[in-house]
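File shown here: work-v5.txt, holding compact mmCIF, C-alpha atoms.
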# COMPACT_ATOMS: atom_id res chain seq x y z
CA MET A 1 0.00 0.00 0.00
CA GLY A 2 1.18 3.49 -0.80
CA GLU A 3 1.26 6.46 1.52
CA GLN A 4 -2.10 7.73 2.71
CA GLU A 5 -3.57 10.65 0.83
CA TRP A 6 -6.51 12.92 1.50
CA SER A 7 -8.83 14.48 -1.06
CA ILE A 8 -8.97 18.22 -1.59
CA GLN A 9 -12.43 18.32 0.01
CA GLN A 10 -11.17 16.49 3.11
CA ILE A 11 -8.18 18.80 3.48
CA ALA A 12 -10.29 21.93 2.98
CA LYS A 13 -12.65 20.81 5.74
CA LEU A 14 -9.88 19.81 8.15
CA ALA A 15 -7.90 23.02 7.60
CA GLY A 16 -10.90 25.34 7.72
CA THR A 17 -10.27 26.63 4.22
CA THR A 18 -11.87 26.05 0.83
CA SER A 19 -11.19 23.85 -2.18
CA ARG A 20 -11.00 27.03 -4.23
CA THR A 21 -8.18 28.34 -2.03
CA LEU A 22 -6.26 25.06 -2.31
CA ARG A 23 -6.66 25.08 -6.09
CA HIS A 24 -5.32 28.65 -6.14
CA TYR A 25 -2.31 27.55 -4.06
CA ASP A 26 -1.70 24.87 -6.68
CA ASP A 27 -2.10 27.30 -9.59
CA ILE A 28 0.60 29.63 -8.21
CA GLY A 29 2.94 26.76 -7.30
CA LEU A 30 2.63 27.26 -3.55
CA LEU A 31 1.02 23.90 -2.71
CA PRO A 32 0.90 21.36 -5.53
CA PRO A 33 -1.06 18.18 -4.79
CA SER A 34 0.89 14.99 -4.31
CA SER A 35 -1.22 13.29 -6.98
CA ILE A 36 -4.19 13.86 -9.27
CA GLY A 37 -6.80 11.14 -9.71
CA HIS A 38 -8.22 9.92 -13.02
CA ASN A 39 -11.26 12.08 -12.27
CA GLY A 40 -9.07 15.19 -12.02
CA TYR A 41 -9.38 15.45 -8.23
CA ARG A 42 -6.37 16.64 -6.27
CA TYR A 43 -4.99 14.50 -3.44
CA TYR A 44 -2.51 15.46 -0.71
CA ASP A 45 -0.05 13.29 1.21
CA ARG A 46 1.68 13.84 4.56
CA THR A 47 4.37 16.10 3.09
CA ALA A 48 1.75 18.31 1.47
CA LEU A 49 -0.16 18.55 4.75
CA VAL A 50 2.96 19.72 6.60
CA ARG A 51 3.54 22.34 3.90
CA LEU A 52 -0.08 23.51 4.18
CA GLN A 53 0.26 23.83 7.95
CA ARG A 54 3.29 26.08 7.46
CA ILE A 55 1.43 28.16 4.88
CA LEU A 56 -1.52 28.70 7.23
CA LEU A 57 0.77 29.59 10.14
CA LEU A 58 2.59 32.17 8.03
CA ARG A 59 -0.73 33.57 6.80
CA GLU A 60 -1.75 34.16 10.43
CA LEU A 61 1.43 36.18 10.86
CA GLY A 62 0.22 38.49 8.11
CA LEU A 63 2.51 37.39 5.28
CA GLY A 64 1.27 37.59 1.73
CA LEU A 65 1.48 34.59 -0.58
CA PRO A 66 4.64 35.79 -2.41
CA GLN A 67 6.41 36.29 0.94
CA ILE A 68 5.25 32.84 2.11
CA ALA A 69 6.67 31.28 -1.04
CA ASP A 70 10.01 32.98 -0.34
CA VAL A 71 10.05 31.70 3.26
CA LEU A 72 9.24 28.13 2.21
CA GLU A 73 11.96 28.25 -0.43
CA ARG A 74 14.57 29.51 2.04
CA GLU A 75 13.61 27.31 4.98
CA THR A 76 13.42 23.85 3.45
CA ALA A 77 14.08 22.01 6.73
CA GLU A 78 10.45 21.69 7.74
CA GLU A 79 10.98 20.29 11.22
CA SER A 80 13.43 23.02 12.18
CA ALA A 81 11.18 25.74 10.75
CA LEU A 82 8.17 24.41 12.63
CA GLU A 83 10.15 24.21 15.87
CA THR A 84 11.05 27.89 15.50
CA HIS A 85 7.44 28.77 14.80
CA LEU A 86 6.27 26.66 17.74
CA ALA A 87 8.61 28.51 20.08
CA TRP A 88 7.18 31.83 18.87
CA LEU A 89 3.61 30.56 19.29
CA ARG A 90 4.33 29.46 22.86
CA GLN A 91 5.74 32.89 23.67
CA GLU A 92 2.62 34.49 22.23
CA GLN A 93 0.42 32.04 24.15
CA ASP A 94 2.13 32.94 27.41
CA ARG A 95 1.89 36.65 26.69
CA LEU A 96 -1.81 36.44 25.76
CA THR A 97 -2.58 34.29 28.80
CA ARG A 98 -1.04 36.93 31.04
CA GLN A 99 -2.88 39.72 29.25
CA ILE A 100 -6.19 37.88 29.61
CA ALA A 101 -5.62 37.36 33.33
CA SER A 102 -4.59 41.00 33.73
CA VAL A 103 -7.70 42.35 32.00
CA GLN A 104 -9.96 39.86 33.81
CA ASN A 105 -8.56 40.95 37.16
CA THR A 106 -9.14 44.60 36.26
CA ILE A 107 -12.77 43.90 35.31
CA GLU A 108 -13.38 41.99 38.54
CA ALA A 109 -11.79 44.79 40.59
CA LEU A 110 -13.95 47.41 38.87
CA ARG A 111 -17.12 45.38 39.40
CA GLY A 112 -16.31 44.82 43.04
CA GLY A 113 -15.29 48.40 43.71
CA GLU A 114 -11.82 47.25 44.70
CA GLY A 115 -8.61 49.18 44.31
CA LEU A 116 -6.54 48.54 41.21
CA MET A 117 -3.01 47.25 41.57
CA ALA A 118 -1.03 49.14 38.95
CA GLU A 119 1.83 46.63 38.97
CA ASN A 120 -0.62 43.88 37.93
CA MET A 121 -2.59 45.81 35.30
CA PHE A 122 0.07 45.62 32.62
CA ASP A 123 1.26 42.05 33.02
CA GLY A 124 1.74 40.62 29.55
CA PHE A 125 2.32 44.04 28.00
CA ASP A 126 6.04 43.32 28.02
CA HIS A 127 8.42 45.58 26.16
CA THR A 128 11.46 43.54 27.21
CA GLN A 129 10.70 40.77 24.71
CA TYR A 130 12.67 42.75 22.09
CA LYS A 131 15.69 43.44 24.33
CA ASP A 132 18.18 41.26 22.43
CA GLU A 133 17.00 42.52 19.06
CA VAL A 134 17.19 46.20 20.06
CA GLU A 135 20.68 45.74 21.49
CA GLU A 136 21.82 43.95 18.35
CA ARG A 137 20.41 46.63 16.04
CA TRP A 138 21.19 49.81 17.98
CA GLY A 139 23.40 48.90 20.92
CA LYS A 140 22.97 48.26 24.64
CA LYS A 141 22.74 51.96 25.47
CA ALA A 142 19.71 52.33 23.21
CA TYR A 143 17.85 49.61 25.08
CA ALA A 144 18.99 50.82 28.51
CA ASP A 145 17.83 54.39 27.80
CA SER A 146 14.42 53.33 26.50
CA ASP A 147 13.97 50.78 29.30
CA ARG A 148 14.81 53.41 31.94
CA TRP A 149 12.36 55.83 30.35
CA TRP A 150 9.55 53.24 30.30
CA ARG A 151 10.08 52.13 33.89
CA SER A 152 10.11 55.75 35.07
CA MET A 153 6.55 56.30 33.83
CA THR A 154 3.51 56.00 36.05
CA ALA A 155 0.75 53.51 35.24
CA ASP A 156 -1.41 56.34 33.86
CA GLU A 157 1.44 57.58 31.67
CA LYS A 158 2.06 54.08 30.32
CA ALA A 159 -1.64 53.64 29.59
CA ALA A 160 -1.75 56.99 27.78
CA TRP A 161 1.31 56.06 25.74
CA GLN A 162 -0.17 52.71 24.75
CA GLU A 163 -3.41 54.42 23.76
CA ARG A 164 -1.45 56.85 21.60
CA VAL A 165 0.27 53.96 19.84
CA ALA A 166 -3.06 52.13 19.37
CA ASP A 167 -4.71 55.25 17.95
CA LEU A 168 -1.88 55.74 15.48
CA GLY A 169 -2.11 52.12 14.35
CA ARG A 170 -5.88 52.32 13.90
CA ASP A 171 -5.57 55.55 11.90
CA TRP A 172 -2.94 53.98 9.62
CA ILE A 173 -5.18 50.97 8.98
CA ALA A 174 -8.22 53.16 8.30
CA ALA A 175 -6.24 55.26 5.83
CA ALA A 176 -4.88 52.18 4.05
CA GLU A 177 -8.34 50.65 3.77
CA ALA A 178 -9.74 53.95 2.46
CA GLY A 179 -7.35 53.66 -0.47
CA ILE A 180 -5.79 57.10 -0.14
CA ALA A 181 -2.45 57.81 -1.77
CA PRO A 182 0.74 57.63 0.33
CA ASP A 183 1.61 61.19 -0.72
CA SER A 184 -1.82 62.61 0.18
CA ASP A 185 -2.15 65.25 2.88
CA GLU A 186 -3.90 62.76 5.19
CA ALA A 187 -1.20 60.12 4.80
CA GLN A 188 1.56 62.67 5.27
CA ALA A 189 -0.08 63.95 8.44
CA LEU A 190 0.00 60.38 9.75
CA ALA A 191 3.65 60.07 8.73
CA LYS A 192 4.44 63.24 10.67
CA ARG A 193 2.68 61.82 13.76
CA HIS A 194 4.61 58.58 13.32
CA VAL A 195 7.99 60.32 13.21
CA GLU A 196 7.05 62.48 16.21
CA TRP A 197 6.16 59.28 18.06
CA LEU A 198 9.50 57.69 17.16
CA THR A 199 11.50 60.73 18.24
CA GLY A 200 9.72 60.65 21.60
CA ILE A 201 11.23 57.30 22.59
CA PRO A 202 14.61 57.79 24.32
CA GLY A 203 17.42 55.58 23.10
CA THR A 204 16.21 55.19 19.54
CA PRO A 205 18.15 56.59 16.57
CA ALA A 206 15.12 58.80 15.92
CA ALA A 207 15.41 60.37 19.37
CA ALA A 208 19.13 60.91 18.91
CA ALA A 209 18.53 62.49 15.52
CA GLY A 210 15.85 64.71 16.98
CA SER A 211 18.50 66.02 19.36
CA GLY A 212 20.85 66.87 16.54
CA GLY A 213 22.65 63.56 16.04
CA GLY A 214 22.11 60.36 14.10
CA ASP A 215 20.52 59.63 10.74
CA ILE A 216 16.79 60.01 11.31
CA LYS A 217 16.01 59.74 7.60
CA GLY A 218 17.82 56.44 7.27
CA TYR A 219 16.21 55.17 10.46
CA VAL A 220 12.67 56.00 9.30
CA LEU A 221 13.26 54.51 5.85
CA GLY A 222 14.71 51.37 7.43
CA LEU A 223 11.79 50.98 9.80
CA GLY A 224 9.35 51.31 6.92
CA GLU A 225 11.04 48.46 5.11
CA MET A 226 11.08 46.39 8.32
CA TYR A 227 7.32 46.83 8.77
CA VAL A 228 6.85 45.04 5.45
CA ALA A 229 9.58 42.43 5.88
CA ASP A 230 8.92 41.45 9.51
CA PRO A 231 5.42 40.02 10.14
CA ARG A 232 5.63 40.82 13.87
CA PHE A 233 5.61 44.54 13.08
CA GLY A 234 3.57 44.37 9.90
CA ALA A 235 0.72 42.80 11.89
CA ASN A 236 0.24 46.17 13.62
CA TYR A 237 -0.95 47.59 10.29
CA ALA A 238 -2.83 44.58 8.92
CA THR A 239 -5.95 45.55 6.97
CA SER A 240 -9.02 43.48 6.18
CA GLU A 241 -7.39 42.78 2.82
CA GLY A 242 -4.72 40.79 4.63
CA GLY A 243 -1.11 40.31 3.63
CA THR A 244 1.28 43.25 3.79
CA HIS A 245 -0.98 45.85 2.16
CA GLY A 246 -1.26 48.00 5.29
CA ALA A 247 2.45 47.81 6.10
CA GLU A 248 3.33 48.70 2.51
CA PHE A 249 1.11 51.78 2.73
CA VAL A 250 2.84 52.90 5.94
CA ARG A 251 6.26 52.29 4.38
CA ASP A 252 5.41 54.26 1.24
CA ALA A 253 3.94 57.19 3.19
CA LEU A 254 6.98 57.31 5.50
CA ARG A 255 9.28 57.23 2.47
CA VAL A 256 7.52 60.23 0.91
CA TYR A 257 7.67 62.11 4.22
CA ALA A 258 11.32 61.25 4.82
CA GLU A 259 12.39 62.37 1.36
CA ALA A 260 10.56 65.67 1.70
CA GLN A 261 11.00 66.54 5.37
CA LEU A 262 14.03 64.74 6.86
Using C-alpha cells, write down the structure that the file contains.
Amino acid sequence: MGEQEWSIQQIAKLAGTTSRTLRHYDDIGLLPPSSIGHNGYRYYDRTALVRLQRILLLRELGLGLPQIADVLERETAEESALETHLAWLRQEQDRLTRQIASVQNTIEALRGGEGLMAENMFDGFDHTQYKDEVEERWGKKAYADSDRWWRSMTADEKAAWQERVADLGRDWIAAAEAGIAPDSDEAQALAKRHVEWLTGIPGTPAAAAGSGGGDIKGYVLGLGEMYVADPRFGANYATSEGGTHGAEFVRDALRVYAEAQL
C-alpha cells in the first residue's frame, strides 16, 4: 500500500479553508497536490499537509502569498522551521494568557469596587521581549535608555502612551483601507505623527537624531522596510485585505515624508 492521501475536500474541511483556495495555491505553485486522480481530483499526502500547515501559520502572521513562497523556499528544513514557529507561538500564548488574566482581574476589581493594583494591570504588555533585538540593532545603550524611560513612567502615563500607539495604528489601517495615496495630505499627516512618536522614545536613533545627532532619515526609511519584511511589526498595520498591504502603505507614506522633510 502506498502512503495515505486525502482528497482536496477532506483537506479543505480539516484546515478550515476552501477547495478554491487550495486550487489557487496549486495554480501559483505554492502547494501542488501529491497526486491527481483519473477524475481530475487533487490529493494530498503527509508532506503536502505539513507544507499547508506552514502556509496557514505564516498567513496568520500576516505574510502575503509571495512572501510565504520565499520563506518556504529559504527554509526547506520543515521540522526546524516548525520548531522555530512553535517557540514563537508558545511565547505568544504565554503573553496572551497573562494579558487575559490582567484584564480579567481589572474587570473583577472594577465590578467589586476594589482598588486597582497598577503593577498587575500591565502584566503581559512586556516591552522587554525585544531586548536582544534592540541591542543587536542599535546597541545596549539604546535599550537601557528606553527601558529606563519606560520604567520611570507611572501607570497612567504608560496607559496613555499605549493608547497613543493604538490610535496611530488604527488611523494607519483606516487610511490604508480607504485607499488614499501615500503622498496625500492625510497620509503625510499620519507620517508626521509617526515620526514624532519615534523621536519621543529615548534611546532610539530617531530620538538621537531629533537632538541633533544620528541619521533620522535612514532610520525612518529602514523601519518602513522592516514593517513590510517582519510580520511581527507588519501585523500592527494589517488591513481586512490581509497580507502586507497595510504595512506597505505605511512604508510608502513614510518614504515620501522622509524624502521631503528629513
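Atom to atom, CA of Glu177 (chain A) and CA of Thr239 (chain A) stand 6.5 Å apart.
Relative to CA of Ala176 (chain A), CA of Gly246 (chain A) is found at 5.7 Å.
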All residues 12 Å or closer to Leu58 (chain A), all atoms listed in the file, same chain fewer than 4 positions away omitted, as a PyMOL selection string: chain A and resi 51-54+62-72+81-82+85-86+88-89+230-232+235+242-244
Within 12 Å of Ala178 (chain A), counting all atoms listed in the file, which residues qualify if same-chain residues fewer than 6 places away don't, as a short mmCIF file (atom, residue, chain, number, x, y, z; two decimals) with C-alpha atoms, in the frame of the given file?
data_model
loop_
_atom_site.label_atom_id
_atom_site.label_comp_id
_atom_site.auth_asym_id
_atom_site.auth_seq_id
_atom_site.Cartn_x
_atom_site.Cartn_y
_atom_site.Cartn_z
CA ASP A 171 -5.57 55.55 11.90
CA TRP A 172 -2.94 53.98 9.62
CA SER A 184 -1.82 62.61 0.18
CA GLU A 186 -3.90 62.76 5.19
CA ALA A 187 -1.20 60.12 4.80
CA THR A 239 -5.95 45.55 6.97
CA SER A 240 -9.02 43.48 6.18
CA GLU A 241 -7.39 42.78 2.82
CA HIS A 245 -0.98 45.85 2.16
CA GLY A 246 -1.26 48.00 5.29
CA PHE A 249 1.11 51.78 2.73
#
Residues within 8 Å of region 252-255 of chain A, all atoms listed in the file, excluding chain neighbours under 4 positions, as a count of residues only: 10
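Residue nearest Ser35 (chain A) within the list A:Ala87, A:Leu198, A:Val250, A:Ala48: A:Ala48 [criterion: smallest interatomic distance, only C-alpha atoms].
The closest residue to Glu79 (chain A), picked from A:Val195, A:Val50, A:Ile100, A:Leu31 and counting all atoms listed in the file, is A:Val50.
Among the candidates A:Leu57, A:Gln261, A:Trp197, A:Ile180, the residue lying nearest to Gln162 (chain A) is A:Trp197 (atoms considered: only C-alpha atoms).
Note that the spacing between CA of Ile173 (chain A) and CA of Ala238 (chain A) amounts to 6.8 Å.
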With all heavy atoms as the goal, would you fill in the gaps in region 67-78 of chain A and present it as a PDB file, in the frame of the given file?
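What follows is the written file result_15.pdb:
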ATOM      1  N   GLN A  67       5.452  36.359  -0.173  1.00  0.00           N
ATOM      2  CA  GLN A  67       6.410  36.290   0.940  1.00  0.00           C
ATOM      3  C   GLN A  67       6.460  34.871   1.522  1.00  0.00           C
ATOM      4  O   GLN A  67       7.525  34.374   1.891  1.00  0.00           O
ATOM      5  CB  GLN A  67       6.032  37.290   2.029  1.00  0.00           C
ATOM      6  CG  GLN A  67       6.284  38.745   1.672  1.00  0.00           C
ATOM      7  CD  GLN A  67       5.240  39.301   0.738  1.00  0.00           C
ATOM      8  OE1 GLN A  67       4.117  38.822   0.723  1.00  0.00           O
ATOM      9  NE2 GLN A  67       5.598  40.304  -0.035  1.00  0.00           N
ATOM     10  N   ILE A  68       5.295  34.214   1.610  1.00  0.00           N
ATOM     11  CA  ILE A  68       5.250  32.840   2.110  1.00  0.00           C
ATOM     12  C   ILE A  68       6.057  31.922   1.201  1.00  0.00           C
ATOM     13  O   ILE A  68       6.806  31.058   1.666  1.00  0.00           O
ATOM     14  CB  ILE A  68       3.791  32.355   2.226  1.00  0.00           C
ATOM     15  CG1 ILE A  68       3.071  33.105   3.357  1.00  0.00           C
ATOM     16  CG2 ILE A  68       3.734  30.850   2.471  1.00  0.00           C
ATOM     17  CD1 ILE A  68       1.602  32.781   3.469  1.00  0.00           C
ATOM     18  N   ALA A  69       5.911  32.110  -0.095  1.00  0.00           N
ATOM     19  CA  ALA A  69       6.670  31.280  -1.040  1.00  0.00           C
ATOM     20  C   ALA A  69       8.173  31.467  -0.823  1.00  0.00           C
ATOM     21  O   ALA A  69       8.933  30.499  -0.867  1.00  0.00           O
ATOM     22  CB  ALA A  69       6.281  31.648  -2.477  1.00  0.00           C
ATOM     23  N   ASP A  70       8.592  32.714  -0.577  1.00  0.00           N
ATOM     24  CA  ASP A  70      10.010  32.980  -0.340  1.00  0.00           C
ATOM     25  C   ASP A  70      10.492  32.271   0.929  1.00  0.00           C
ATOM     26  O   ASP A  70      11.583  31.689   0.960  1.00  0.00           O
ATOM     27  CB  ASP A  70      10.259  34.483  -0.203  1.00  0.00           C
ATOM     28  CG  ASP A  70      10.094  35.214  -1.528  1.00  0.00           C
ATOM     29  OD1 ASP A  70      10.141  34.547  -2.578  1.00  0.00           O
ATOM     30  OD2 ASP A  70       9.890  36.440  -1.496  1.00  0.00           O
ATOM     31  N   VAL A  71       9.674  32.331   2.000  1.00  0.00           N
ATOM     32  CA  VAL A  71      10.050  31.700   3.260  1.00  0.00           C
ATOM     33  C   VAL A  71      10.173  30.186   3.074  1.00  0.00           C
ATOM     34  O   VAL A  71      11.153  29.566   3.523  1.00  0.00           O
ATOM     35  CB  VAL A  71       9.011  32.002   4.360  1.00  0.00           C
ATOM     36  CG1 VAL A  71       9.285  31.152   5.600  1.00  0.00           C
ATOM     37  CG2 VAL A  71       9.043  33.479   4.725  1.00  0.00           C
ATOM     38  N   LEU A  72       9.219  29.579   2.409  1.00  0.00           N
ATOM     39  CA  LEU A  72       9.240  28.130   2.210  1.00  0.00           C
ATOM     40  C   LEU A  72      10.437  27.710   1.355  1.00  0.00           C
ATOM     41  O   LEU A  72      11.006  26.634   1.552  1.00  0.00           O
ATOM     42  CB  LEU A  72       7.939  27.669   1.563  1.00  0.00           C
ATOM     43  CG  LEU A  72       6.669  27.841   2.405  1.00  0.00           C
ATOM     44  CD1 LEU A  72       5.455  27.361   1.632  1.00  0.00           C
ATOM     45  CD2 LEU A  72       6.781  27.097   3.719  1.00  0.00           C
ATOM     46  N   GLU A  73      10.821  28.562   0.421  1.00  0.00           N
ATOM     47  CA  GLU A  73      11.960  28.250  -0.430  1.00  0.00           C
ATOM     48  C   GLU A  73      13.267  28.339   0.348  1.00  0.00           C
ATOM     49  O   GLU A  73      14.179  27.529   0.153  1.00  0.00           O
ATOM     50  CB  GLU A  73      12.004  29.192  -1.632  1.00  0.00           C
ATOM     51  CG  GLU A  73      13.114  28.874  -2.621  1.00  0.00           C
ATOM     52  CD  GLU A  73      13.081  29.772  -3.843  1.00  0.00           C
ATOM     53  OE1 GLU A  73      12.106  30.539  -3.994  1.00  0.00           O
ATOM     54  OE2 GLU A  73      14.033  29.705  -4.640  1.00  0.00           O
ATOM     55  N   ARG A  74      13.342  29.324   1.257  1.00  0.00           N
ATOM     56  CA  ARG A  74      14.570  29.510   2.040  1.00  0.00           C
ATOM     57  C   ARG A  74      14.699  28.461   3.130  1.00  0.00           C
ATOM     58  O   ARG A  74      15.769  27.930   3.377  1.00  0.00           O
ATOM     59  CB  ARG A  74      14.587  30.901   2.686  1.00  0.00           C
ATOM     60  CG  ARG A  74      14.783  32.043   1.729  1.00  0.00           C
ATOM     61  CD  ARG A  74      15.205  33.300   2.495  1.00  0.00           C
ATOM     62  NE  ARG A  74      14.345  33.565   3.637  1.00  0.00           N
ATOM     63  CZ  ARG A  74      13.269  34.336   3.597  1.00  0.00           C
ATOM     64  NH1 ARG A  74      12.916  34.905   2.459  1.00  0.00           N
ATOM     65  NH2 ARG A  74      12.537  34.557   4.683  1.00  0.00           N
ATOM     66  N   GLU A  75      13.584  28.197   3.823  1.00  0.00           N
ATOM     67  CA  GLU A  75      13.610  27.310   4.980  1.00  0.00           C
ATOM     68  C   GLU A  75      13.046  25.947   4.577  1.00  0.00           C
ATOM     69  O   GLU A  75      11.878  25.642   4.823  1.00  0.00           O
ATOM     70  CB  GLU A  75      12.808  27.919   6.132  1.00  0.00           C
ATOM     71  CG  GLU A  75      13.342  29.284   6.570  1.00  0.00           C
ATOM     72  CD  GLU A  75      12.500  29.909   7.655  1.00  0.00           C
ATOM     73  OE1 GLU A  75      11.497  29.281   8.073  1.00  0.00           O
ATOM     74  OE2 GLU A  75      12.814  31.039   8.070  1.00  0.00           O
ATOM     75  N   THR A  76      13.877  25.146   3.959  1.00  0.00           N
ATOM     76  CA  THR A  76      13.420  23.850   3.450  1.00  0.00           C
ATOM     77  C   THR A  76      13.377  22.778   4.525  1.00  0.00           C
ATOM     78  O   THR A  76      12.715  21.751   4.350  1.00  0.00           O
ATOM     79  CB  THR A  76      14.322  23.389   2.294  1.00  0.00           C
ATOM     80  OG1 THR A  76      15.678  23.352   2.761  1.00  0.00           O
ATOM     81  CG2 THR A  76      14.233  24.353   1.118  1.00  0.00           C
ATOM     82  N   ALA A  77      14.100  22.977   5.633  1.00  0.00           N
ATOM     83  CA  ALA A  77      14.080  22.010   6.730  1.00  0.00           C
ATOM     84  C   ALA A  77      12.799  22.211   7.523  1.00  0.00           C
ATOM     85  O   ALA A  77      12.723  23.053   8.421  1.00  0.00           O
ATOM     86  CB  ALA A  77      15.310  22.174   7.616  1.00  0.00           C
ATOM     87  N   GLU A  78      11.780  21.443   7.192  1.00  0.00           N
ATOM     88  CA  GLU A  78      10.450  21.690   7.740  1.00  0.00           C
ATOM     89  C   GLU A  78      10.394  21.547   9.253  1.00  0.00           C
ATOM     90  O   GLU A  78       9.778  22.351   9.953  1.00  0.00           O
ATOM     91  CB  GLU A  78       9.433  20.759   7.078  1.00  0.00           C
ATOM     92  CG  GLU A  78       9.232  21.059   5.596  1.00  0.00           C
ATOM     93  CD  GLU A  78       8.309  20.071   4.931  1.00  0.00           C
ATOM     94  OE1 GLU A  78       8.237  18.920   5.418  1.00  0.00           O
ATOM     95  OE2 GLU A  78       7.664  20.441   3.938  1.00  0.00           O
TER      96      GLU A  78
END
